[in-house]
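Trainee: Got work-v3.txt for you, compact mmCIF, C-alpha atoms:
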# COMPACT_ATOMS: atom_id res chain seq x y z
CA MET A 1 -28.11 -27.07 -50.16
CA SER A 2 -24.70 -28.35 -49.12
CA GLY A 3 -21.25 -28.12 -50.58
CA PRO A 4 -17.94 -29.94 -50.94
CA GLY A 5 -15.87 -30.45 -47.83
CA ALA A 6 -12.45 -31.87 -47.10
CA GLY A 7 -11.54 -34.98 -49.06
CA GLY A 8 -14.51 -34.57 -51.39
CA LEU A 9 -17.04 -35.09 -48.59
CA ARG A 10 -20.08 -32.82 -48.58
CA HIS A 11 -20.34 -30.39 -45.73
CA GLY A 12 -23.75 -29.61 -44.31
CA TRP A 13 -25.60 -27.12 -42.14
CA THR A 14 -26.10 -27.00 -38.39
CA THR A 15 -29.51 -26.99 -36.72
CA GLY A 16 -28.74 -23.38 -35.82
CA ALA A 17 -28.30 -22.41 -39.48
CA CYS A 18 -31.53 -24.20 -40.42
CA ALA A 19 -33.42 -22.52 -37.57
CA THR A 20 -32.06 -19.13 -38.63
CA ALA A 21 -33.12 -19.57 -42.25
CA ALA A 22 -36.57 -20.80 -41.17
CA THR A 23 -36.89 -17.80 -38.84
CA LYS A 24 -35.95 -15.37 -41.60
CA ALA A 25 -38.53 -16.91 -43.97
CA ALA A 26 -41.29 -16.96 -41.33
CA HIS A 27 -40.62 -13.36 -40.34
CA ALA A 28 -40.69 -12.24 -43.98
CA ALA A 29 -44.03 -14.00 -44.45
CA LEU A 30 -45.41 -12.36 -41.33
CA LEU A 31 -44.48 -8.94 -42.73
CA THR A 32 -45.32 -9.40 -46.41
CA GLY A 33 -47.60 -12.44 -46.70
CA GLU A 34 -45.00 -14.22 -48.87
CA PHE A 35 -42.37 -16.81 -47.96
CA PRO A 36 -38.99 -16.33 -49.66
CA ASP A 37 -38.01 -19.68 -51.15
CA PRO A 38 -35.17 -20.39 -51.22
CA VAL A 39 -34.16 -18.23 -48.28
CA GLU A 40 -30.57 -17.01 -47.98
CA ILE A 41 -28.71 -16.21 -44.76
CA THR A 42 -25.21 -15.02 -43.90
CA LEU A 43 -23.20 -17.32 -41.64
CA PRO A 44 -20.76 -16.07 -38.97
CA ARG A 45 -17.79 -16.54 -41.33
CA GLY A 46 -19.47 -14.81 -44.25
CA GLN A 47 -20.78 -17.73 -46.32
CA ARG A 48 -24.23 -17.16 -47.83
CA PRO A 49 -26.09 -20.48 -48.23
CA ALA A 50 -29.66 -20.68 -49.48
CA PHE A 51 -32.21 -23.13 -48.07
CA ALA A 52 -35.34 -24.56 -49.68
CA LEU A 53 -38.48 -24.49 -47.55
CA ALA A 54 -40.21 -27.77 -46.71
CA VAL A 55 -43.01 -26.16 -44.69
CA GLU A 56 -44.89 -22.87 -45.16
CA GLU A 57 -47.82 -21.94 -42.93
CA LEU A 58 -49.26 -18.45 -42.53
CA GLY A 59 -51.98 -17.93 -39.94
CA GLU A 60 -53.57 -15.22 -37.85
CA GLY A 61 -50.69 -13.53 -36.04
CA TYR A 62 -48.04 -16.14 -36.82
CA ALA A 63 -45.98 -17.68 -39.60
CA THR A 64 -44.16 -21.03 -39.63
CA ALA A 65 -41.38 -22.11 -41.97
CA GLY A 66 -39.61 -25.45 -41.93
CA ILE A 67 -36.30 -26.67 -43.37
CA VAL A 68 -35.01 -30.24 -43.63
CA LYS A 69 -31.53 -30.38 -42.16
CA ASP A 70 -28.83 -31.62 -44.52
CA ALA A 71 -25.74 -32.62 -42.55
CA GLY A 72 -23.85 -33.44 -45.74
CA ASP A 73 -21.71 -36.54 -45.33
CA ASP A 74 -21.43 -36.24 -41.56
CA PRO A 75 -23.02 -39.09 -39.53
CA ASP A 76 -25.21 -36.61 -37.66
CA VAL A 77 -28.21 -37.85 -35.67
CA THR A 78 -30.22 -34.83 -36.85
CA HIS A 79 -29.56 -35.36 -40.57
CA GLY A 80 -32.93 -35.25 -42.33
CA ALA A 81 -34.75 -33.73 -39.35
CA LEU A 82 -37.37 -31.06 -40.03
CA VAL A 83 -36.47 -27.85 -38.18
CA ARG A 84 -39.37 -25.40 -37.84
CA SER A 85 -39.54 -21.80 -36.73
CA THR A 86 -42.78 -20.10 -35.76
CA VAL A 87 -42.57 -16.33 -35.48
CA ARG A 88 -45.15 -14.13 -33.75
CA PRO A 89 -45.10 -10.38 -33.08
CA GLY A 90 -43.71 -9.54 -29.65
CA ALA A 91 -44.75 -6.75 -27.30
CA PRO A 92 -42.98 -3.45 -28.09
CA GLY A 93 -39.59 -3.20 -26.42
CA THR A 94 -39.31 -6.89 -25.51
CA GLY A 95 -36.78 -7.79 -28.22
CA VAL A 96 -36.57 -11.41 -29.29
CA VAL A 97 -38.01 -14.03 -26.94
CA PHE A 98 -37.04 -17.65 -27.67
CA ARG A 99 -39.28 -20.59 -26.89
CA ALA A 100 -38.77 -24.35 -27.10
CA GLY A 101 -41.37 -25.96 -29.30
CA PRO A 102 -41.92 -29.72 -29.61
CA GLY A 103 -38.65 -31.59 -30.00
CA VAL A 104 -36.43 -28.83 -28.58
CA GLY A 105 -35.08 -29.30 -25.08
CA THR A 106 -35.12 -27.10 -22.00
CA VAL A 107 -32.10 -26.49 -19.74
CA THR A 108 -32.60 -27.93 -16.24
CA ARG A 109 -29.06 -27.88 -14.79
CA PRO A 110 -26.46 -25.14 -14.33
CA GLY A 111 -23.12 -25.22 -16.11
CA LEU A 112 -24.33 -24.72 -19.68
CA PRO A 113 -24.05 -21.42 -21.61
CA LEU A 114 -27.79 -20.88 -20.98
CA GLU A 115 -29.74 -20.22 -17.81
CA VAL A 116 -31.84 -22.94 -16.19
CA GLY A 117 -35.34 -22.85 -17.67
CA GLU A 118 -34.20 -21.49 -21.03
CA PRO A 119 -34.86 -23.31 -24.30
CA ALA A 120 -31.77 -25.19 -25.50
CA ILE A 121 -31.01 -22.77 -28.32
CA ASN A 122 -27.33 -21.94 -28.07
CA PRO A 123 -25.91 -18.40 -28.04
CA VAL A 124 -24.58 -18.28 -31.63
CA PRO A 125 -27.86 -19.46 -33.23
CA ARG A 126 -29.71 -16.93 -31.04
CA ALA A 127 -27.45 -14.17 -32.30
CA MET A 128 -27.95 -15.31 -35.90
CA MET A 129 -31.73 -15.28 -35.49
CA ARG A 130 -31.72 -11.84 -33.85
CA GLU A 131 -29.72 -10.57 -36.80
CA VAL A 132 -32.16 -11.84 -39.46
CA LEU A 133 -35.06 -10.35 -37.47
CA GLY A 134 -33.43 -6.94 -37.85
CA GLY A 135 -34.20 -5.65 -34.39
CA ALA A 136 -37.88 -6.62 -34.47
CA ASP A 137 -39.77 -7.50 -31.29
CA ALA A 138 -40.69 -11.12 -31.87
CA ILE A 139 -41.48 -14.42 -30.21
CA VAL A 140 -39.54 -17.22 -31.92
CA GLU A 141 -40.49 -20.82 -31.25
CA ILE A 142 -38.13 -23.44 -32.64
CA SER A 143 -39.24 -27.06 -32.94
CA VAL A 144 -37.80 -30.24 -34.46
CA ASP A 145 -40.09 -33.02 -35.66
CA GLY A 146 -39.22 -36.17 -33.72
CA GLY A 147 -36.64 -34.27 -31.69
CA ALA A 148 -37.58 -35.83 -28.36
CA GLU A 149 -36.82 -39.29 -29.75
CA LEU A 150 -33.60 -38.15 -31.47
CA ALA A 151 -32.40 -36.51 -28.25
CA ARG A 152 -32.22 -39.90 -26.58
CA GLN A 153 -29.31 -40.67 -28.92
CA THR A 154 -27.42 -37.58 -27.72
CA TRP A 155 -25.85 -36.35 -24.51
CA ASN A 156 -28.79 -34.05 -23.76
CA PRO A 157 -30.46 -36.15 -21.03
CA ARG A 158 -27.15 -36.48 -19.16
CA LEU A 159 -26.48 -32.75 -19.48
CA GLY A 160 -29.91 -31.97 -18.04
CA ILE A 161 -31.39 -30.80 -21.34
CA LEU A 162 -34.81 -32.41 -21.24
CA GLY A 163 -37.60 -32.80 -23.77
CA GLY A 164 -35.64 -32.65 -27.00
CA LEU A 165 -32.61 -31.57 -28.97
CA SER A 166 -30.34 -28.56 -28.69
CA ILE A 167 -30.16 -26.00 -31.48
CA LEU A 168 -26.41 -25.89 -32.06
CA GLY A 169 -23.73 -24.36 -34.23
CA THR A 170 -20.94 -21.82 -34.03
CA THR A 171 -20.09 -21.50 -37.72
CA GLY A 172 -23.35 -22.75 -39.24
CA ILE A 173 -21.44 -25.44 -41.14
CA VAL A 174 -21.14 -29.15 -40.32
CA VAL A 175 -17.69 -30.38 -41.36
CA PRO A 176 -17.86 -34.09 -42.29
CA TYR A 177 -16.46 -36.35 -39.59
CA SER A 178 -15.24 -33.42 -37.51
CA CYS A 179 -17.63 -34.73 -34.83
CA SER A 180 -17.76 -31.18 -33.50
CA ALA A 181 -21.12 -31.83 -31.83
CA TRP A 182 -19.63 -34.75 -29.86
CA ILE A 183 -16.65 -32.67 -28.76
CA ASP A 184 -18.97 -29.81 -27.79
CA SER A 185 -20.96 -32.30 -25.68
CA ILE A 186 -17.76 -33.40 -23.93
CA ARG A 187 -17.03 -29.78 -23.03
CA ARG A 188 -20.56 -29.18 -21.82
CA GLY A 189 -20.30 -32.38 -19.76
CA VAL A 190 -17.23 -31.00 -17.99
CA ASP A 191 -19.03 -27.69 -17.43
CA VAL A 192 -22.05 -29.43 -15.91
CA ALA A 193 -19.86 -31.59 -13.64
CA ARG A 194 -17.97 -28.51 -12.42
CA ALA A 195 -21.18 -26.57 -11.83
CA ALA A 196 -22.52 -29.50 -9.81
CA GLY A 197 -19.37 -29.43 -7.66
CA ARG A 198 -18.09 -32.81 -8.81
CA LEU A 199 -14.53 -33.48 -7.69
CA HIS A 200 -14.12 -36.68 -9.71
CA VAL A 201 -15.14 -37.35 -13.31
CA ALA A 202 -14.69 -40.42 -15.50
CA ALA A 203 -14.05 -40.35 -19.23
CA ALA A 204 -14.81 -43.64 -20.94
CA THR A 205 -14.34 -44.98 -24.44
CA GLY A 206 -17.64 -46.87 -24.37
CA SER A 207 -20.63 -47.95 -22.33
CA THR A 208 -18.99 -51.03 -20.77
CA SER A 209 -15.96 -49.12 -19.50
CA GLU A 210 -18.21 -46.28 -18.32
CA LYS A 211 -20.35 -48.69 -16.30
CA THR A 212 -17.23 -50.27 -14.77
CA ALA A 213 -15.80 -46.90 -13.70
CA ALA A 214 -19.15 -45.63 -12.38
CA GLU A 215 -19.66 -48.75 -10.26
CA LEU A 216 -16.07 -48.83 -9.04
CA TYR A 217 -16.15 -45.26 -7.75
CA GLY A 218 -19.88 -44.73 -7.18
CA LEU A 219 -19.98 -41.83 -9.64
CA PRO A 220 -23.28 -40.12 -10.49
CA GLU A 221 -24.41 -39.69 -14.09
CA ASP A 222 -23.34 -36.04 -14.33
CA ALA A 223 -19.75 -37.05 -13.48
CA LEU A 224 -19.51 -39.37 -16.52
CA LEU A 225 -17.98 -38.01 -19.72
CA ASP A 226 -18.82 -39.88 -22.92
CA MET A 227 -15.30 -39.53 -24.28
CA GLY A 228 -15.62 -42.10 -27.07
CA ASP A 229 -12.58 -41.73 -29.32
CA PHE A 230 -11.87 -38.12 -28.36
CA ALA A 231 -9.33 -38.46 -25.56
CA GLY A 232 -7.59 -35.29 -26.67
CA ALA A 233 -10.79 -33.26 -26.45
CA VAL A 234 -11.34 -34.35 -22.84
CA LEU A 235 -7.77 -33.74 -21.74
CA LYS A 236 -7.34 -30.37 -23.47
CA TYR A 237 -10.60 -29.04 -22.05
CA LEU A 238 -9.75 -30.26 -18.54
CA ARG A 239 -6.37 -28.56 -18.90
CA ARG A 240 -8.23 -25.23 -19.13
CA HIS A 241 -11.15 -26.19 -16.87
CA PRO A 242 -9.73 -28.64 -14.33
CA VAL A 243 -11.57 -31.11 -12.10
CA PRO A 244 -9.51 -32.48 -9.19
CA ARG A 245 -9.65 -36.10 -10.32
CA LEU A 246 -10.06 -37.82 -13.69
CA THR A 247 -10.47 -41.53 -14.33
CA VAL A 248 -9.87 -42.67 -17.91
CA ALA A 249 -11.48 -46.02 -18.65
CA GLY A 250 -11.45 -48.11 -21.79
CA GLY A 251 -10.64 -51.34 -23.53
CA VAL A 252 -7.07 -52.40 -24.06
CA GLY A 253 -7.17 -51.59 -27.80
CA LYS A 254 -8.29 -47.99 -27.36
CA LEU A 255 -5.99 -47.33 -24.43
CA ALA A 256 -3.04 -48.93 -26.23
CA LYS A 257 -3.46 -46.15 -28.79
CA LEU A 258 -3.48 -43.52 -26.01
CA ALA A 259 -0.40 -45.23 -24.55
CA ALA A 260 1.31 -44.74 -27.93
CA GLY A 261 0.51 -41.02 -27.85
CA HIS A 262 -2.61 -40.98 -30.05
CA LEU A 263 -5.31 -38.59 -28.85
CA ASP A 264 -7.92 -39.60 -31.46
CA LEU A 265 -8.70 -43.26 -30.86
CA HIS A 266 -10.95 -43.89 -33.87
CA SER A 267 -10.03 -46.92 -35.98
CA LYS A 268 -9.87 -44.78 -39.13
CA ARG A 269 -7.47 -42.28 -37.58
CA SER A 270 -5.13 -44.35 -35.44
CA GLN A 271 -4.05 -47.97 -35.16
CA VAL A 272 -2.70 -50.13 -32.35
CA ASP A 273 1.09 -50.01 -32.55
CA PHE A 274 2.26 -53.49 -31.66
CA ALA A 275 5.89 -52.37 -31.63
CA VAL A 276 5.00 -49.95 -28.82
CA LEU A 277 3.16 -52.69 -26.95
CA ALA A 278 6.14 -55.01 -27.38
CA SER A 279 8.49 -52.33 -26.05
CA MET A 280 6.61 -52.43 -22.73
CA VAL A 281 7.40 -56.12 -22.24
CA ALA A 282 10.78 -56.99 -20.70
CA ASP A 283 10.87 -60.69 -21.64
CA PRO A 284 12.25 -60.90 -25.20
CA GLY A 285 10.27 -63.97 -26.22
CA THR A 286 6.98 -62.60 -25.00
CA ALA A 287 7.75 -59.22 -26.53
CA GLU A 288 8.33 -60.85 -29.90
CA ARG A 289 4.99 -62.66 -29.70
CA VAL A 290 3.28 -59.37 -28.79
CA ARG A 291 4.91 -57.70 -31.79
CA HIS A 292 3.20 -60.23 -34.06
CA ALA A 293 -0.17 -60.35 -32.23
CA ASN A 294 -3.35 -60.01 -34.27
CA THR A 295 -5.12 -57.63 -31.90
CA ALA A 296 -4.50 -55.80 -28.64
CA LEU A 297 -6.71 -58.37 -26.90
CA ASP A 298 -4.56 -61.13 -28.40
CA ALA A 299 -1.48 -59.36 -27.02
CA LEU A 300 -3.13 -59.12 -23.62
CA GLN A 301 -3.83 -62.85 -23.59
CA ILE A 302 -0.27 -63.68 -24.70
CA CYS A 303 1.05 -61.63 -21.80
CA ARG A 304 -1.43 -63.09 -19.34
CA ARG A 305 -0.20 -66.61 -20.16
CA ALA A 306 3.39 -65.41 -19.67
CA GLY A 307 2.59 -63.72 -16.37
CA VAL A 308 3.22 -60.24 -17.79
CA PRO A 309 0.79 -57.53 -16.57
CA LEU A 310 0.33 -55.86 -19.95
CA GLY A 311 -2.91 -54.20 -18.82
CA ASP A 312 -1.06 -52.38 -16.03
CA LEU A 313 1.74 -51.42 -18.42
CA VAL A 314 -0.72 -49.99 -20.95
CA ALA A 315 -2.55 -48.12 -18.19
CA ALA A 316 0.69 -46.57 -16.94
CA ARG A 317 1.77 -45.47 -20.41
CA ALA A 318 -1.72 -44.11 -21.20
CA ARG A 319 -1.67 -42.19 -17.93
CA ALA A 320 1.71 -40.69 -18.88
CA THR A 321 0.22 -39.49 -22.18
CA ALA A 322 -2.73 -37.94 -20.35
CA LEU A 323 -0.47 -36.14 -17.89
CA ASP A 324 1.63 -34.80 -20.77
CA VAL A 325 -1.46 -33.30 -22.40
CA LEU A 326 -2.68 -31.84 -19.08
CA ARG A 327 0.66 -29.98 -18.78
CA GLY A 328 0.62 -29.72 -15.01
CA ALA A 329 -3.05 -28.80 -14.63
CA PRO A 330 -4.32 -29.70 -11.13
CA VAL A 331 -5.95 -32.96 -12.22
CA ALA A 332 -5.03 -36.30 -10.61
CA VAL A 333 -5.33 -39.07 -13.21
CA ASP A 334 -5.90 -42.77 -12.93
CA VAL A 335 -6.46 -45.20 -15.80
CA ILE A 336 -8.53 -48.40 -15.87
CA VAL A 337 -8.13 -50.98 -18.65
CA ILE A 338 -11.01 -53.44 -19.07
CA ASP A 339 -11.75 -56.46 -21.21
CA ARG A 340 -14.94 -56.93 -23.22
CA ALA A 341 -16.79 -58.34 -20.21
CA GLY A 342 -16.02 -55.23 -18.18
CA THR A 343 -13.42 -56.96 -15.99
CA ILE A 344 -10.55 -54.71 -14.94
CA VAL A 345 -7.31 -56.06 -16.46
CA GLY A 346 -5.04 -53.11 -15.75
CA ARG A 347 -4.81 -49.99 -13.57
CA ALA A 348 -2.42 -47.11 -13.00
CA GLY A 349 -2.45 -43.98 -10.89
CA PRO A 350 -3.68 -42.95 -7.46
What does this structure look like when you write it as structure tokens?
Mentor:
Amino acid sequence: MSGPGAGGLRHGWTTGACATAATKAAHAALLTGEFPDPVEITLPRGQRPAFALAVEELGEGYATAGIVKDAGDDPDVTHGALVRSTVRPGAPGTGVVFRAGPGVGTVTRPGLPLEVGEPAINPVPRAMMREVLGGADAIVEISVDGGAELARQTWNPRLGILGGLSILGTTGIVVPYSCSAWIDSIRRGVDVARAAGRLHVAAATGSTSEKTAAELYGLPEDALLDMGDFAGAVLKYLRRHPVPRLTVAGGVGKLAKLAAGHLDLHSKRSQVDFAVLASMVADPGTAERVRHANTALDALQICRRAGVPLGDLVAARARATALDVLRGAPVAVDVIVIDRAGTIVGRAGP
């Protein structure tokens, strides 16, 4: 079950909501011998979705229920994944004990909202599952079919969550194209870097710029933030949770948008402003050609032929935007602009 979201797009349900509904159904079957189908839960903001069961298995001392995750119209890597919960009676007085089944990761590094060694089931889904268990002593094992393979497409390996996916969600609802999971991963990446004592992190728009920054400064994997298009998410979180040094790295097109003040660099949500690029160029003739360039790379090449360091100018303006967002937080910022081959074509900052 999913419903309409903003702009007519369908919203969906988080892995945490699916795991909670599966846990409620499995626990009911353990108590009564019958699986409720569909099974209804109450989300943190009061919504009451109902979920159809894809798996029902009742055995000696355990019950398993499974729900296929529907992420609505969000491009979520876990859309269509089968989330299972197996519930067993726990020893009296032990409360709820969570375990990572196949396809669910285990925390191996500090800095996350879970202790090292714990299954990667985040605090809000844990609270939701405790609530549907009604105070029962229970062992809850969450698994995701194919989760180990899906996790390779996420930040989990870099964050030290090994063996599978995380069970996520704060509201239970996936808002289409909010990319909340990506932004949450950026925040967790900062947390892990801080916990590891990193004094320098790099936020890159893509894999080529990340590789360039990592090689330039010799940065380890846990100091690399997969910023993508979400420059604002990185900068706002570092404003509250500072690291002494930040390198922002990206192609000239993405960083031209940051230079123009855009904090979301996605092509659907911001465009390169050639008038802004032209305003950086002192020579009137070159500026006019930049104003009518086809792409940011085209503008860069026009300036290169004219001897104008547009890459440096974009880097400086992008750095100014970043410093504005940081609002005086103790973070030194430098910016690296690269071309498609990974060659540095512009720099600004210490």
Trainee: Given the choices A:Glu115, A:Glu34, A:Asp145, A:Asp273, which gets closest to A:Ile67 if the distance is worked out from all atoms listed in the file?
Mentor: A:Asp145
Trainee: One decimal, Å: what's the distance from atom CA of A:Gly72 over to atom CA of A:Val174, could you say?
Mentor: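 Distance reported for this atom pair: 7.4 Å.
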Trainee: Could you give me, as a PDB file with C-alpha atoms, in the coordinates of the input, the residues within 9 Å of A:Ala256, counting all atoms listed in the file and dropping anything in the same chain fewer than 2 positions from it?
Mentor:
ATOM      1  CA  GLY A 251     -10.640 -51.340 -23.530  1.00  0.00           C
ATOM      2  CA  VAL A 252      -7.070 -52.400 -24.060  1.00  0.00           C
ATOM      3  CA  GLY A 253      -7.170 -51.590 -27.800  1.00  0.00           C
ATOM      4  CA  LYS A 254      -8.290 -47.990 -27.360  1.00  0.00           C
ATOM      5  CA  LEU A 258      -3.480 -43.520 -26.010  1.00  0.00           C
ATOM      6  CA  ALA A 259      -0.400 -45.230 -24.550  1.00  0.00           C
ATOM      7  CA  ALA A 260       1.310 -44.740 -27.930  1.00  0.00           C
ATOM      8  CA  GLY A 261       0.510 -41.020 -27.850  1.00  0.00           C
ATOM      9  CA  HIS A 262      -2.610 -40.980 -30.050  1.00  0.00           C
ATOM     10  CA  VAL A 272      -2.700 -50.130 -32.350  1.00  0.00           C
ATOM     11  CA  ASP A 273       1.090 -50.010 -32.550  1.00  0.00           C
ATOM     12  CA  PHE A 274       2.260 -53.490 -31.660  1.00  0.00           C
ATOM     13  CA  VAL A 276       5.000 -49.950 -28.820  1.00  0.00           C
ATOM     14  CA  LEU A 277       3.160 -52.690 -26.950  1.00  0.00           C
ATOM     15  CA  ALA A 296      -4.500 -55.800 -28.640  1.00  0.00           C
ATOM     16  CA  VAL A 314      -0.720 -49.990 -20.950  1.00  0.00           C
ATOM     17  CA  ALA A 315      -2.550 -48.120 -18.190  1.00  0.00           C
ATOM     18  CA  ARG A 317       1.770 -45.470 -20.410  1.00  0.00           C
ATOM     19  CA  ALA A 318      -1.720 -44.110 -21.200  1.00  0.00           C
TER      20      ALA A 318
END
Trainee: Determine the nearest neighbour of A:Gly111 from the options A:Val192, A:Ala223, A:Leu199, A:Ala214, counting only C-alpha atoms.
Mentor: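 With only C-alpha atoms as the atom set, the closest residue is A:Val192.
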Trainee: Would you compute the distance between atom CA of A:Pro220 and atom CA of A:Ser185? Give it in Å to one decimal.
Mentor: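 Spanning atom CA of A:Pro220 to atom CA of A:Ser185 is a straight-line distance of 17.2 Å.
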Trainee: What is the distance between atom CA of A:Pro102 and atom CA of A:Arg152, in Å to one decimal?
Mentor: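 Between atom CA of A:Pro102 and atom CA of A:Arg152 the gap works out to 14.4 Å.
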Trainee: Pull the neighbourhood of (-26.8, -38.9, -35.8) for me: all residues within 10 Å in file coordinates, counting all atoms listed in the file, as a ChimeraX atom specification.
Mentor: /A:71,74-80,150-151,153-154,181
Trainee: Do you have, as JSON lines, the list of residues of stretch 146-234 of chain A lying at most 10 Å from stretch 329-336 of chain A, each with its nearest atom pair and that distance in Å to one decimal, counting all atoms listed in the file and ordered by chain then number?
Mentor:
{"residue": "A:Leu199", "atom": "CA", "partner": "A:Val331", "partner_atom": "CA", "distance": 9.7}
{"residue": "A:His200", "atom": "CA", "partner": "A:Ala332", "partner_atom": "CA", "distance": 9.1}
{"residue": "A:Val201", "atom": "CA", "partner": "A:Val333", "partner_atom": "CA", "distance": 10.0}
{"residue": "A:Ala202", "atom": "CA", "partner": "A:Asp334", "partner_atom": "CA", "distance": 9.5}
{"residue": "A:Ala203", "atom": "CA", "partner": "A:Val335", "partner_atom": "CA", "distance": 9.6}
{"residue": "A:Ala204", "atom": "CA", "partner": "A:Ile336", "partner_atom": "CA", "distance": 9.4}
{"residue": "A:Ser209", "atom": "CA", "partner": "A:Ile336", "partner_atom": "CA", "distance": 8.3}
{"residue": "A:Thr212", "atom": "CA", "partner": "A:Ile336", "partner_atom": "CA", "distance": 9.0}
{"residue": "A:Ala213", "atom": "CA", "partner": "A:Ile336", "partner_atom": "CA", "distance": 7.7}
Trainee: Quick one: of A:Leu53, A:Leu224, A:Leu58, A:Leu310, who's nearest to A:Ala29, counting all atoms listed in the file?
Mentor: A:Leu58
Trainee: Quick one: of A:Leu133, A:Ala21, A:Ala341, A:Ala233, who's nearest to A:Val190, counting all atoms listed in the file?
Mentor: A:Ala233
Trainee: Have a look at A:Pro125, A:Gly250, A:Gly95, A:Gly12 and name the one nearest to A:Val345; count all atoms listed in the file.
Mentor: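 Using all atoms listed in the file, A:Val345 sits closest to A:Gly250.
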Trainee: Which is closest to A:Arg240 among A:Arg327, A:Arg291, A:Arg158, A:Arg84, if we use all atoms listed in the file?
Mentor: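 Among the listed residues, the smallest separation from A:Arg240 belongs to A:Arg327.
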Trainee: Can you tell me, as JSON, the centre and edge lengths (Å, one decimal) of the axis-aligned box enclosing all of stretch 177-195 of chain A's listed atoms after padding each side by 5 Å?
Mentor:
{"center_x": -18.6, "center_y": -31.5, "center_z": -25.7, "size_x": 16.8, "size_y": 19.8, "size_z": 37.8}
Trainee: Show which residues sit within 7 Å of A:Asn122, as a ChimeraX atom specification. Count only C-alpha atoms, and ignore same-chain residues fewer than 4 positions away.
Mentor: /A:126,167-168
Trainee: Grab stretch 269-308 of chain A from that structure and dump C-alpha atoms to a file, as a short mmCIF file (atom, residue, chain, number, x, y, z; two decimals), in the first residue's frame.
Mentor:
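The resulting result.cif:
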data_model
loop_
_atom_site.label_atom_id
_atom_site.label_comp_id
_atom_site.auth_asym_id
_atom_site.auth_seq_id
_atom_site.Cartn_x
_atom_site.Cartn_y
_atom_site.Cartn_z
CA ARG A 269 16.36 21.38 -9.52
CA SER A 270 19.01 23.85 -10.63
CA GLN A 271 20.66 24.94 -13.86
CA VAL A 272 24.01 26.46 -14.76
CA ASP A 273 23.55 30.23 -14.84
CA PHE A 274 25.70 31.45 -17.71
CA ALA A 275 25.05 35.07 -16.78
CA VAL A 276 26.70 34.39 -13.41
CA LEU A 277 29.62 32.67 -15.12
CA ALA A 278 29.98 35.60 -17.50
CA SER A 279 29.97 38.05 -14.59
CA MET A 280 33.16 36.39 -13.29
CA VAL A 281 35.04 37.20 -16.50
CA ALA A 282 36.60 40.67 -16.77
CA ASP A 283 37.22 40.68 -20.55
CA PRO A 284 33.97 41.82 -22.22
CA GLY A 285 34.40 39.77 -25.37
CA THR A 286 35.16 36.56 -23.52
CA ALA A 287 32.35 37.25 -21.06
CA GLU A 288 29.89 37.59 -23.93
CA ARG A 289 31.01 34.26 -25.41
CA VAL A 290 30.62 32.63 -21.98
CA ARG A 291 27.11 34.06 -21.70
CA HIS A 292 26.15 32.19 -24.87
CA ALA A 293 28.08 28.96 -24.14
CA ASN A 294 26.27 25.64 -24.55
CA THR A 295 27.58 24.05 -21.37
CA ALA A 296 29.79 24.90 -18.40
CA LEU A 297 32.54 22.80 -19.99
CA ASP A 298 32.16 24.83 -23.18
CA ALA A 299 32.52 28.01 -21.11
CA LEU A 300 35.63 26.59 -19.47
CA GLN A 301 37.20 25.88 -22.86
CA ILE A 302 36.30 29.35 -24.16
CA CYS A 303 38.05 30.88 -21.17
CA ARG A 304 41.03 28.56 -21.44
CA ARG A 305 41.62 29.72 -25.03
CA ALA A 306 41.37 33.34 -23.84
CA GLY A 307 43.76 32.77 -20.94
CA VAL A 308 41.02 33.32 -18.35
#
